[in-house]
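Here the structure is laid out as structure tokens; the discussion comes afterwards.
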Amino acid sequence: SGLVSFAFRKEATPAASVLDMSYRLEGVDPACAGGPGSSKYSCGMIVTKETTCLDSPSDTLYDAAEIRMDPWRCPAYTAVASLDSEGFSARGDYVPVSTGLQPDAILGHTVFLHDFAGRPISCGVVSVISG
């Protein structure tokens with residue numbers, strides 16, 4: 001469980017458009033304490049083309065015409081033992097992901113959290129939080 005937030009940073013070209021991802025996660029995979037492994041999306045967070053968590057994650061969401069390689073292969077969390085609760089947590093601030101997309105493009109799409117083996121373990125839908 002936890003929160004993943006995105007801020008949009010507009011750069012000079014669409015391909016350079018960057019989402020800054022921040023996260024506060026609880027109950028993450030303790031095997032990620034040493035960082036990600038070699039499996040695709042190991043200890044990773046991805047935004048997909050899906051719009052419901054009932055679907056399994058398939059294609060990640062980015063502008064393939066602007067960005068040649070999947071930018072979601074890089075963002076990964078490192079688990080740490082939680083002092084205030086049982087289990088492991090992870091946090092990160094302003095992790096850049098170059099998607100080539102405008103900010104509205106990820107709204108309504110799913111964000112999946114993966115374990116060390118690259119299997120999805122949690123899901124949420126990207127939405128606007130006001131306040």
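Quick note on naming: the chains in the structure tokens go A, B, ... in the order shown, residues restart at 1 in each chain, and ligands are numbered from 1 in order of appearance.
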
**Prompt:** Excluding same-chain residues fewer than 5 positions from segment 54-59 of chain A, what lies within 8 Å of it counting only C-alpha atoms, as a VMD selection string?
**Reply:** chain A and resid 48 to 49 112 120

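Contact shell of segment 78-82 of chain A at 10 Å (only C-alpha atoms; same-chain neighbours under 5 positions omitted): Leu25, Glu26, Gly27, Val28, Asp29, Pro30, Ala31, Cys32, Ala33, Gly34, Gly35, Pro36, Cys43, Gly44, Gly87, Phe88, Ser89, Ala90, Arg91, Gly92 and Phe116 of chain A.
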
**Request:** Just the strand (DSSP E or B) stuff from chain A, please, per backbone DSSP, written as number ranges by chain.
**Result:** A: 2-9, 18-26, 44-48, 60, 76, 80-81, 88-98, 110-114, 120-125

**Prompt:** Near Val126 of chain A, within 7 Å and counting only C-alpha atoms, which residues show up once chain neighbours fewer than 6 positions away are dropped, as a PyMOL selection string?
**Reply:** chain A and resi 106-111

Take the residues just selected and output them with all heavy atoms as a PDB file, in the first residue's frame.
```pdb
ATOM      1  N   ILE A 106      -1.432  10.147 -18.726  1.00  0.00           N
ATOM      2  CA  ILE A 106      -1.364   9.023 -17.794  1.00  0.00           C
ATOM      3  C   ILE A 106      -2.595   8.925 -16.894  1.00  0.00           C
ATOM      4  O   ILE A 106      -2.797   7.913 -16.240  1.00  0.00           O
ATOM      5  CB  ILE A 106      -0.082   9.040 -16.940  1.00  0.00           C
ATOM      6  CG1 ILE A 106      -0.070  10.199 -15.949  1.00  0.00           C
ATOM      7  CG2 ILE A 106       1.157   9.036 -17.817  1.00  0.00           C
ATOM      8  CD1 ILE A 106       0.996  10.057 -14.893  1.00  0.00           C
ATOM      9  N   LEU A 107      -3.418   9.985 -16.869  1.00  0.00           N
ATOM     10  CA  LEU A 107      -4.616   9.963 -16.026  1.00  0.00           C
ATOM     11  C   LEU A 107      -5.534   8.818 -16.426  1.00  0.00           C
ATOM     12  O   LEU A 107      -5.781   8.582 -17.599  1.00  0.00           O
ATOM     13  CB  LEU A 107      -5.373  11.281 -16.121  1.00  0.00           C
ATOM     14  CG  LEU A 107      -4.727  12.471 -15.454  1.00  0.00           C
ATOM     15  CD1 LEU A 107      -5.538  13.736 -15.716  1.00  0.00           C
ATOM     16  CD2 LEU A 107      -4.554  12.245 -13.960  1.00  0.00           C
ATOM     17  N   GLY A 108      -6.024   8.093 -15.433  1.00  0.00           N
ATOM     18  CA  GLY A 108      -6.931   6.986 -15.689  1.00  0.00           C
ATOM     19  C   GLY A 108      -6.250   5.682 -16.036  1.00  0.00           C
ATOM     20  O   GLY A 108      -6.908   4.665 -16.220  1.00  0.00           O
ATOM     21  N   HIS A 109      -4.931   5.690 -16.131  1.00  0.00           N
ATOM     22  CA  HIS A 109      -4.188   4.464 -16.435  1.00  0.00           C
ATOM     23  C   HIS A 109      -3.662   3.851 -15.135  1.00  0.00           C
ATOM     24  O   HIS A 109      -3.584   4.515 -14.098  1.00  0.00           O
ATOM     25  CB  HIS A 109      -3.050   4.751 -17.409  1.00  0.00           C
ATOM     26  CG  HIS A 109      -3.549   5.070 -18.775  1.00  0.00           C
ATOM     27  ND1 HIS A 109      -3.836   4.101 -19.709  1.00  0.00           N
ATOM     28  CD2 HIS A 109      -3.850   6.255 -19.357  1.00  0.00           C
ATOM     29  CE1 HIS A 109      -4.283   4.675 -20.811  1.00  0.00           C
ATOM     30  NE2 HIS A 109      -4.308   5.985 -20.625  1.00  0.00           N
ATOM     31  N   THR A 110      -3.290   2.599 -15.203  1.00  0.00           N
ATOM     32  CA  THR A 110      -2.862   1.891 -13.999  1.00  0.00           C
ATOM     33  C   THR A 110      -1.371   2.051 -13.730  1.00  0.00           C
ATOM     34  O   THR A 110      -0.562   2.147 -14.654  1.00  0.00           O
ATOM     35  CB  THR A 110      -3.161   0.387 -14.114  1.00  0.00           C
ATOM     36  OG1 THR A 110      -2.596  -0.116 -15.323  1.00  0.00           O
ATOM     37  CG2 THR A 110      -4.651   0.130 -14.089  1.00  0.00           C
ATOM     38  N   VAL A 111      -1.044   2.084 -12.442  1.00  0.00           N
ATOM     39  CA  VAL A 111       0.347   2.031 -12.004  1.00  0.00           C
ATOM     40  C   VAL A 111       0.485   0.729 -11.220  1.00  0.00           C
ATOM     41  O   VAL A 111      -0.297   0.450 -10.316  1.00  0.00           O
ATOM     42  CB  VAL A 111       0.769   3.279 -11.180  1.00  0.00           C
ATOM     43  CG1 VAL A 111      -0.092   3.479  -9.969  1.00  0.00           C
ATOM     44  CG2 VAL A 111       2.236   3.215 -10.803  1.00  0.00           C
TER      45      VAL A 111
END
```

**Asked** Nearest to Met69 of chain A: which of A:Met45, A:Cys53, A:Val97, A:Val128 is it, counting only C-alpha atoms?
**Response** A:Val97

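When only C-alpha atoms are used to measure the gap to Thr60 of chain A, the shortest distance among A:Tyr41, A:Tyr23, A:Trp72, A:Tyr77 belongs to A:Trp72.
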
**Message:** Please identify the helix (DSSP H, G or I) residues within segment 62-119 of chain A (assignment by DSSP from backbone atoms) and present them as an NGL selection string.
**Reply:** :A and (71-73 or 103-106)

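Across the model, the gap from atom CA of Ser17 of chain A to atom CA of Ser39 of chain A is 26.8 Å.
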
Considering only C-alpha atoms, return as a CSV table (one decimal) with all heavy atoms, in the first residue's frame whatever protein or nucleic-acid residues lie within 8 Å of Ser42 of chain A, sequence-local ones (same chain, fewer than 3 positions apart) excluded.
```
chain,number,residue,atom,x,y,z
A,36,PRO,N,16.9,-3.8,-7.3
A,36,PRO,CA,16.3,-4.7,-8.3
A,36,PRO,C,17.2,-5.8,-8.7
A,36,PRO,O,18.4,-5.6,-8.7
A,36,PRO,CB,15.9,-3.7,-9.4
A,36,PRO,CG,16.8,-2.6,-9.3
A,36,PRO,CD,17.1,-2.4,-7.8
A,37,GLY,N,16.6,-6.8,-9.2
A,37,GLY,CA,17.4,-7.9,-9.8
A,37,GLY,C,17.4,-7.8,-11.3
A,37,GLY,O,17.1,-6.7,-11.9
A,38,SER,N,17.6,-8.9,-12.0
A,38,SER,CA,17.7,-8.8,-13.5
A,38,SER,C,16.4,-9.0,-14.2
A,38,SER,O,16.3,-8.8,-15.4
A,38,SER,CB,18.8,-9.8,-14.0
A,38,SER,OG,18.4,-11.1,-13.6
A,39,SER,N,15.4,-9.4,-13.5
A,39,SER,CA,14.1,-9.6,-14.2
A,39,SER,C,13.5,-8.3,-14.6
A,39,SER,O,13.7,-7.3,-14.0
A,39,SER,CB,13.1,-10.3,-13.2
A,39,SER,OG,13.5,-11.5,-12.8
A,76,ALA,N,13.0,1.9,-10.0
A,76,ALA,CA,12.9,0.8,-9.1
A,76,ALA,C,13.0,1.3,-7.7
A,76,ALA,O,13.7,2.3,-7.4
A,76,ALA,CB,14.0,-0.2,-9.4
A,114,HIS,N,5.9,-3.9,-8.6
A,114,HIS,CA,6.3,-5.3,-8.8
A,114,HIS,C,7.3,-5.7,-7.7
A,114,HIS,O,7.9,-4.9,-7.1
A,114,HIS,CB,7.1,-5.3,-10.2
A,114,HIS,CG,6.2,-5.1,-11.4
A,114,HIS,ND1,5.8,-3.9,-11.7
A,114,HIS,CD2,5.7,-6.0,-12.2
A,114,HIS,CE1,5.0,-4.0,-12.8
A,114,HIS,NE2,4.9,-5.3,-13.1
A,115,ASP,N,7.3,-7.1,-7.5
A,115,ASP,CA,8.2,-7.6,-6.6
A,115,ASP,C,9.6,-7.9,-7.2
A,115,ASP,O,9.8,-7.5,-8.3
A,115,ASP,CB,7.6,-8.9,-6.0
A,115,ASP,CG,7.5,-10.1,-7.0
A,115,ASP,OD1,8.0,-10.0,-8.1
A,115,ASP,OD2,6.9,-11.1,-6.6
A,116,PHE,N,10.5,-8.5,-6.5
A,116,PHE,CA,11.8,-8.8,-6.9
A,116,PHE,C,11.9,-9.6,-8.2
A,116,PHE,O,12.7,-9.4,-9.1
A,116,PHE,CB,12.7,-9.5,-5.8
A,116,PHE,CG,14.1,-9.6,-6.2
A,116,PHE,CD1,15.0,-8.6,-6.1
A,116,PHE,CD2,14.6,-10.9,-6.7
A,116,PHE,CE1,16.3,-8.7,-6.4
A,116,PHE,CE2,15.9,-11.0,-7.0
A,116,PHE,CZ,16.8,-9.9,-6.9
A,117,ALA,N,10.9,-10.6,-8.3
A,117,ALA,CA,10.9,-11.4,-9.5
A,117,ALA,C,10.2,-10.7,-10.7
A,117,ALA,O,10.2,-11.3,-11.8
A,117,ALA,CB,10.1,-12.7,-9.2
A,118,GLY,N,9.7,-9.5,-10.5
A,118,GLY,CA,9.1,-8.8,-11.6
A,118,GLY,C,7.6,-9.0,-11.7
A,118,GLY,O,7.0,-8.6,-12.7
A,119,ARG,N,7.0,-9.7,-10.7
A,119,ARG,CA,5.6,-10.0,-10.7
A,119,ARG,C,4.8,-8.8,-10.1
A,119,ARG,O,5.3,-8.2,-9.1
A,119,ARG,CB,5.3,-11.2,-9.9
A,119,ARG,CG,5.9,-12.5,-10.5
A,119,ARG,CD,5.5,-13.7,-9.6
A,119,ARG,NE,6.1,-13.5,-8.3
A,119,ARG,CZ,7.1,-14.2,-7.8
A,119,ARG,NH1,7.6,-15.2,-8.5
A,119,ARG,NH2,7.5,-14.0,-6.5
```
